[in-house]
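S.K.: Pasting my_file22.txt below, which is compact mmCIF, C-alpha atoms and all ligand atoms.
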# COMPACT_ATOMS: atom_id res chain seq x y z
CA MET A 1 90.67 26.08 40.98
CA GLY A 2 89.37 27.36 44.32
CA ALA A 3 86.22 26.00 45.91
CA ASP A 4 84.24 29.16 45.14
CA SER A 5 85.13 29.17 41.48
CA LEU A 6 84.06 25.51 41.23
CA LEU A 7 80.66 26.50 42.60
CA CYS A 8 80.43 29.45 40.19
CA ARG A 9 81.31 27.27 37.24
CA ALA A 10 78.64 24.73 38.26
CA ALA A 11 76.09 27.55 38.57
CA ASP A 12 77.08 28.89 35.16
CA TRP A 13 76.56 25.50 33.51
CA ILE A 14 73.18 25.11 35.21
CA LEU A 15 72.18 28.56 33.92
CA ARG A 16 73.15 27.54 30.40
CA ALA A 17 71.65 24.04 30.61
CA ARG A 18 68.91 23.15 28.16
CA HIS A 19 67.88 20.05 30.13
CA LEU A 20 69.13 19.49 33.68
CA VAL A 21 68.72 16.24 35.58
CA ALA A 22 69.85 15.35 39.12
CA LEU A 23 70.73 11.90 40.38
CA THR A 24 70.66 11.60 44.16
CA GLY A 25 71.90 8.94 46.56
CA ALA A 26 72.12 8.32 50.29
CA GLY A 27 74.51 11.25 50.84
CA VAL A 28 71.65 13.66 50.12
CA SER A 29 69.61 12.22 53.00
CA THR A 30 72.31 11.61 55.61
CA PRO A 31 72.22 15.33 56.65
CA SER A 32 68.52 14.69 57.45
CA GLY A 33 69.55 11.91 59.81
CA ILE A 34 68.74 8.98 57.50
CA PRO A 35 71.61 6.48 57.61
CA ASP A 36 72.99 5.00 54.41
CA PHE A 37 71.36 1.66 55.04
CA ARG A 38 73.15 -0.09 52.19
CA SER A 39 76.44 0.71 53.82
CA PRO A 40 77.98 -1.86 56.19
CA ASP A 41 79.12 1.10 58.32
CA SER A 42 75.61 2.43 58.88
CA GLY A 43 75.18 0.53 62.12
CA LEU A 44 71.93 -0.90 60.83
CA TRP A 45 73.40 -4.24 59.92
CA ASN A 46 75.09 -5.02 63.22
CA GLN A 47 72.30 -7.26 64.44
CA VAL A 48 71.10 -8.79 61.21
CA ASN A 49 72.27 -10.25 57.95
CA PRO A 50 70.85 -8.02 55.18
CA PHE A 51 70.17 -10.98 52.96
CA LEU A 52 68.04 -12.51 55.70
CA ALA A 53 66.24 -9.33 56.68
CA ALA A 54 65.89 -7.31 53.48
CA SER A 55 65.76 -9.75 50.59
CA ILE A 56 62.58 -10.63 48.76
CA VAL A 57 63.09 -14.36 49.28
CA ALA A 58 63.48 -13.91 53.04
CA PHE A 59 60.52 -11.53 53.10
CA ARG A 60 58.26 -14.20 51.69
CA ILE A 61 59.46 -16.78 54.22
CA ARG A 62 59.93 -14.68 57.36
CA PRO A 63 58.50 -11.17 56.91
CA GLN A 64 58.75 -10.45 60.62
CA LEU A 65 62.57 -10.26 60.32
CA PHE A 66 62.24 -7.56 57.66
CA PHE A 67 59.72 -5.58 59.70
CA ASP A 68 61.85 -5.80 62.85
CA TRP A 69 64.76 -4.43 60.84
CA ILE A 70 62.88 -1.64 59.06
CA ARG A 71 60.89 -0.43 62.07
CA PRO A 72 63.49 2.04 63.43
CA LEU A 73 64.32 3.14 59.88
CA ALA A 74 60.62 3.72 59.10
CA ARG A 75 60.29 5.88 62.18
CA MET A 76 63.38 7.90 61.17
CA MET A 77 62.02 8.45 57.67
CA LEU A 78 58.61 9.48 58.97
CA ASP A 79 60.14 12.05 61.33
CA ALA A 80 62.88 13.31 58.98
CA ALA A 81 62.72 16.76 57.44
CA PRO A 82 64.23 17.69 54.07
CA ASN A 83 67.60 19.42 54.33
CA ALA A 84 69.15 22.27 52.36
CA ALA A 85 70.09 19.94 49.47
CA HIS A 86 66.50 18.71 48.99
CA LEU A 87 65.21 22.28 49.23
CA ALA A 88 67.79 23.55 46.72
CA LEU A 89 66.68 20.93 44.18
CA ALA A 90 63.02 21.81 44.72
CA GLN A 91 63.92 25.47 44.20
CA LEU A 92 65.73 24.67 40.93
CA GLU A 93 62.64 22.82 39.70
CA GLN A 94 60.36 25.70 40.68
CA MET A 95 62.66 28.07 38.79
CA GLY A 96 62.06 25.91 35.72
CA ARG A 97 65.72 24.86 35.61
CA LEU A 98 65.51 21.22 36.69
CA GLN A 99 63.58 18.69 34.65
CA ALA A 100 63.83 15.61 36.90
CA VAL A 101 65.30 14.16 40.07
CA ILE A 102 66.29 10.52 39.82
CA THR A 103 66.78 9.12 43.30
CA GLN A 104 68.06 5.95 44.92
CA ASN A 105 66.44 7.06 48.18
CA ILE A 106 63.12 5.73 49.46
CA ASP A 107 62.53 8.34 52.16
CA ASN A 108 60.16 10.73 50.34
CA LEU A 109 62.27 13.75 51.32
CA HIS A 110 62.43 15.18 47.78
CA GLN A 111 58.64 15.25 47.68
CA LYS A 112 58.48 16.69 51.21
CA ALA A 113 60.80 19.48 50.00
CA GLY A 114 58.46 20.23 47.09
CA SER A 115 60.01 18.41 44.13
CA ALA A 116 57.26 17.23 41.78
CA HIS A 117 59.15 15.25 39.16
CA VAL A 118 60.93 12.49 41.07
CA ILE A 119 61.88 9.10 39.63
CA GLU A 120 62.28 6.71 42.57
CA LEU A 121 64.55 3.94 41.29
CA HIS A 122 64.41 1.89 44.48
CA GLY A 123 60.73 2.37 45.15
CA THR A 124 59.02 4.23 47.93
CA MET A 125 57.88 3.89 51.52
CA ARG A 126 54.75 5.90 50.71
CA GLN A 127 52.66 2.89 49.78
CA ALA A 128 52.49 -0.82 50.45
CA THR A 129 51.19 -3.74 48.39
CA CYS A 130 49.65 -7.01 49.61
CA ILE A 131 51.94 -9.84 48.54
CA ARG A 132 48.91 -12.12 48.10
CA CYS A 133 46.17 -10.08 46.34
CA HIS A 134 48.25 -6.99 45.28
CA HIS A 135 45.89 -4.59 47.04
CA VAL A 136 47.70 -1.22 47.40
CA VAL A 137 47.31 1.16 50.34
CA PRO A 138 49.11 4.33 51.46
CA THR A 139 51.68 3.38 54.10
CA GLU A 140 50.41 6.08 56.44
CA SER A 141 47.27 3.98 57.00
CA LEU A 142 49.45 1.13 58.34
CA LEU A 143 52.35 2.97 59.95
CA PRO A 144 50.99 4.19 63.31
CA ARG A 145 49.84 0.71 64.33
CA PHE A 146 52.99 -0.96 63.00
CA LEU A 147 55.31 1.52 64.70
CA ALA A 148 53.44 1.15 67.98
CA SER A 149 53.14 -2.64 68.03
CA GLY A 150 55.72 -4.00 65.58
CA GLU A 151 53.07 -6.46 64.36
CA LEU A 152 53.04 -7.53 60.72
CA PRO A 153 50.91 -5.12 58.68
CA ARG A 154 48.06 -7.12 57.14
CA CYS A 155 45.82 -6.61 54.11
CA ASP A 156 42.24 -5.47 54.89
CA THR A 157 40.97 -7.47 51.95
CA CYS A 158 42.64 -10.88 52.29
CA GLY A 159 44.81 -10.86 55.42
CA GLY A 160 48.04 -11.22 53.40
CA VAL A 161 51.23 -9.43 54.49
CA MET A 162 51.60 -5.86 53.22
CA LYS A 163 55.03 -5.13 51.75
CA PRO A 164 56.22 -1.52 51.44
CA ASP A 165 56.84 -0.67 47.77
CA VAL A 166 60.60 -0.55 48.28
CA ILE A 167 62.90 -2.72 46.23
CA LEU A 168 64.47 -5.43 48.36
CA PHE A 169 67.70 -7.29 47.66
CA GLY A 170 67.09 -9.82 44.90
CA GLU A 171 64.02 -8.00 43.63
CA GLN A 172 63.71 -6.56 40.13
CA LEU A 173 63.70 -2.80 39.81
CA PRO A 174 60.53 -1.27 38.38
CA MET A 175 61.28 -1.29 34.62
CA GLN A 176 59.10 1.73 33.94
CA LYS A 177 61.21 3.80 36.33
CA VAL A 178 64.49 2.44 34.98
CA HIS A 179 63.37 3.39 31.46
CA ALA A 180 62.32 6.86 32.61
CA ALA A 181 65.68 7.36 34.35
CA ARG A 182 67.64 6.24 31.29
CA ALA A 183 65.56 8.50 29.05
CA ALA A 184 66.28 11.42 31.39
CA ALA A 185 70.01 10.60 31.34
CA ARG A 186 69.97 10.57 27.53
CA ALA A 187 67.98 13.80 27.30
CA CYS A 188 70.05 15.93 29.67
CA ASP A 189 72.95 18.18 28.72
CA VAL A 190 73.93 18.70 32.38
CA MET A 191 73.63 16.02 35.08
CA LEU A 192 74.16 16.64 38.79
CA VAL A 193 75.36 13.51 40.59
CA LEU A 194 74.72 14.18 44.27
CA GLY A 195 75.68 12.15 47.30
CA SER A 196 75.85 8.85 45.48
CA SER A 197 78.79 6.49 45.61
CA LEU A 198 77.51 5.05 42.30
CA THR A 199 78.01 1.47 43.41
CA VAL A 200 74.49 0.17 42.78
CA ALA A 201 73.20 -0.46 39.26
CA PRO A 202 71.33 0.88 37.38
CA ALA A 203 71.86 4.29 38.99
CA ALA A 204 75.57 3.76 38.50
CA ASP A 205 75.09 3.52 34.71
CA LEU A 206 73.19 6.78 34.35
CA PRO A 207 76.16 9.21 34.44
CA THR A 208 77.85 7.07 31.77
CA ILE A 209 74.79 7.38 29.55
CA ALA A 210 74.85 11.15 30.11
CA CYS A 211 78.60 11.40 29.35
CA ASP A 212 78.25 9.25 26.25
CA ASN A 213 75.61 11.67 24.99
CA GLY A 214 77.91 14.66 25.51
CA ALA A 215 76.35 15.93 28.75
CA ARG A 216 78.41 17.67 31.40
CA VAL A 217 78.39 15.69 34.62
CA ILE A 218 78.87 17.60 37.88
CA VAL A 219 79.65 15.37 40.87
CA ILE A 220 79.14 16.56 44.44
CA ASN A 221 80.12 13.83 46.89
CA ARG A 222 82.35 13.54 49.91
CA GLN A 223 84.19 10.53 48.51
CA ASP A 224 85.60 9.78 45.07
CA THR A 225 83.32 8.05 42.60
CA TRP A 226 84.37 6.10 39.55
CA ILE A 227 82.79 8.67 37.23
CA ASP A 228 85.05 11.46 38.60
CA GLY A 229 87.55 10.91 35.77
CA ARG A 230 84.88 11.55 33.15
CA ALA A 231 83.04 14.25 35.06
CA ALA A 232 83.30 17.86 33.90
CA LEU A 233 83.44 19.02 37.51
CA VAL A 234 83.97 17.24 40.85
CA ILE A 235 83.24 18.93 44.18
CA HIS A 236 84.29 16.94 47.23
CA ASP A 237 81.99 18.44 49.80
CA ASP A 238 78.81 17.87 51.74
CA VAL A 239 76.03 18.24 49.19
CA ALA A 240 73.81 20.05 51.74
CA ILE A 241 76.50 22.76 51.91
CA ALA A 242 77.73 23.02 48.31
CA LEU A 243 74.45 22.69 46.42
CA PRO A 244 72.55 25.51 48.15
CA ASP A 245 75.48 27.85 47.38
CA ILE A 246 75.34 26.84 43.72
CA VAL A 247 71.57 27.31 43.56
CA ALA A 248 71.87 30.72 45.21
CA CYS A 249 74.27 31.68 42.37
CA VAL A 250 71.79 30.33 39.82
CA ALA A 251 68.96 32.33 41.38
CA TYR A 252 71.14 35.46 41.29
CA GLY A 253 72.12 34.75 37.68
CA THR A 254 68.46 34.29 36.73
CA GLN A 255 67.60 37.73 38.06
CA ALA A 256 70.62 39.46 36.59
CA PRO A 257 70.22 40.84 33.06
CA VAL A 258 71.53 38.46 30.39
CA GLU A 259 74.68 39.79 28.70
ZN ZN B 1 45.48 -8.89 50.14
Reformat the file's structure so that it appears as structure tokens.
Ligand code: ZN
M.R.:
Amino acid sequence: MGADSLLCRAADWILRARHLVALTGAGVSTPSGIPDFRSPDSGLWNQVNPFLAASIVAFRIRPQLFFDWIRPLARMMLDAAPNAAHLALAQLEQMGRLQAVITQNIDNLHQKAGSAHVIELHGTMRQATCIRCHHVVPTESLLPRFLASGELPRCDTCGGVMKPDVILFGEQLPMQKVHAARAAARACDVMLVLGSSLTVAPAADLPTIACDNGARVIVINRQDTWIDGRAALVIHDDVAIALPDIVACVAYGTQAPVE
């Protein structure tokens, strides 16, 4: 099948979907300039050992290491703009054709693009919680000073260290979000798996849940994923190129009279 007919078939299934869910990974944000920071090739781990810098145990002992590591990443995320893939998903939701985005990303770009129903499996950079008294503040109140000085962000109430609400290595995922993601995977009849290598649980389990429930899984990723063999459709392309083409077909199909 040619590349165009793959895109048309994907658009056709989205048009017929009763309940569509998207699962997004780092590959959706790399076109916005956010490196895949879990990947050893990202360049972000050259100076530091991830288990020293970005694990919850290390955070509690030496938070400065974590903040030194995340500072350039935080600046990138703050400055980043959503790309065509984020915008295409927001458009699908606004058309009433996408019920939820489940994301492994912490960069807020789906929300910046206009998506309202986003399940953030690995937490978010939008807010931070005091590790001592659990006081919660929006990150934007801490960021300018932190980015300028690199000093540890401190709690206004008790002086404890403020931790961004992102899930660190060794930390439990938020169960409420995991449950919501699994429920979405069970409910969907079409799942888009976008820019995820599906190596990190529990996101990796979600396409299996969808397949087991009879859903069609459409994978758009540059590299192979282990779900490819069970997927109804696999498109090996940049998601920021392929997805907007598919959504344009869906928009056209929505306007065209139903046969
Ligand atoms: Zn506090």
S.K.: May I ask for the distance between atom CA of A:Gly159 and atom CA of A:Ile56, given in Å to one decimal place?
M.R.: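 Between atom CA of A:Gly159 and atom CA of A:Ile56 the gap is 19.0 Å.
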S.K.: What is the atom CA of A:Ala215 to atom CA of A:His19 distance in Å?
M.R.: 9.5 Å
S.K.: Box time for stretch 144-156 of chain A: axis-aligned, enclosing all its listed atoms, 3 Å extra on each side; report centre and edge lengths in Å to one decimal, as AutoDock Vina command-line options.
M.R.:
--center_x 49.0 --center_y -1.7 --center_z 61.1 --size_x 19.5 --size_y 17.7 --size_z 19.9
S.K.: Counting only C-alpha atoms and all ligand atoms, what are the residues, protein, DNA or RNA alike, that approach ligand ZN 1 (chain B) to within 7 Å? I want them as a PyMOL selection string.
M.R.: chain A and resi 130-135+155-160
S.K.: Which protein, DNA or RNA residues are at most 12 Å from (72.7, 26.9, 44.0) in the file's coordinates when you count all atoms listed in the file, listed as number ranges by chain?
M.R.: A: 4, 6-15, 84-93, 95, 97-98, 192, 239-254
S.K.: Which distance in Å separates atom CA of A:Ala210 and atom CA of A:Gln255, to one decimal?
M.R.: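 Between these atoms lies a distance of 28.7 Å.
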S.K.: Just want the 8 Å neighbourhood of stretch 102-115 of chain A, counted on all atoms listed in the file, with same-chain residues fewer than 2 positions away dropped. Output as number ranges by chain.
M.R.: A: 21-26, 29, 77-78, 80-82, 86-87, 89-90, 93, 100, 117-126, 166, 181, 203
S.K.: For a quick check of understanding, using all atoms listed in the file, which of A:Asn213, A:Thr199, A:Ser55, A:Ser5 has the smallest distance to A:Phe169?
M.R.: A:Ser55
S.K.: Looking at A:Ala53, A:Leu147, A:Ala74, A:Cys188, which one is nearest to A:Ile209, with distances taken over all atoms listed in the file?
M.R.: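 For A:Ile209, the nearest of the candidates is A:Cys188.
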S.K.: For each of A:Leu52, A:Val178, A:Leu152, A:Val219, take the minimum atom-to-atom distance to A:Ser196, counting all atoms listed in the file, then give the residue where this is smallest.
M.R.: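 Selected residue with least distance to A:Ser196: A:Val219.
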S.K.: May I ask which of the residues A:Val161, A:Pro202, A:Ala128, A:Phe67 is the closest one to A:Ser149, counting only C-alpha atoms?
M.R.: A:Phe67
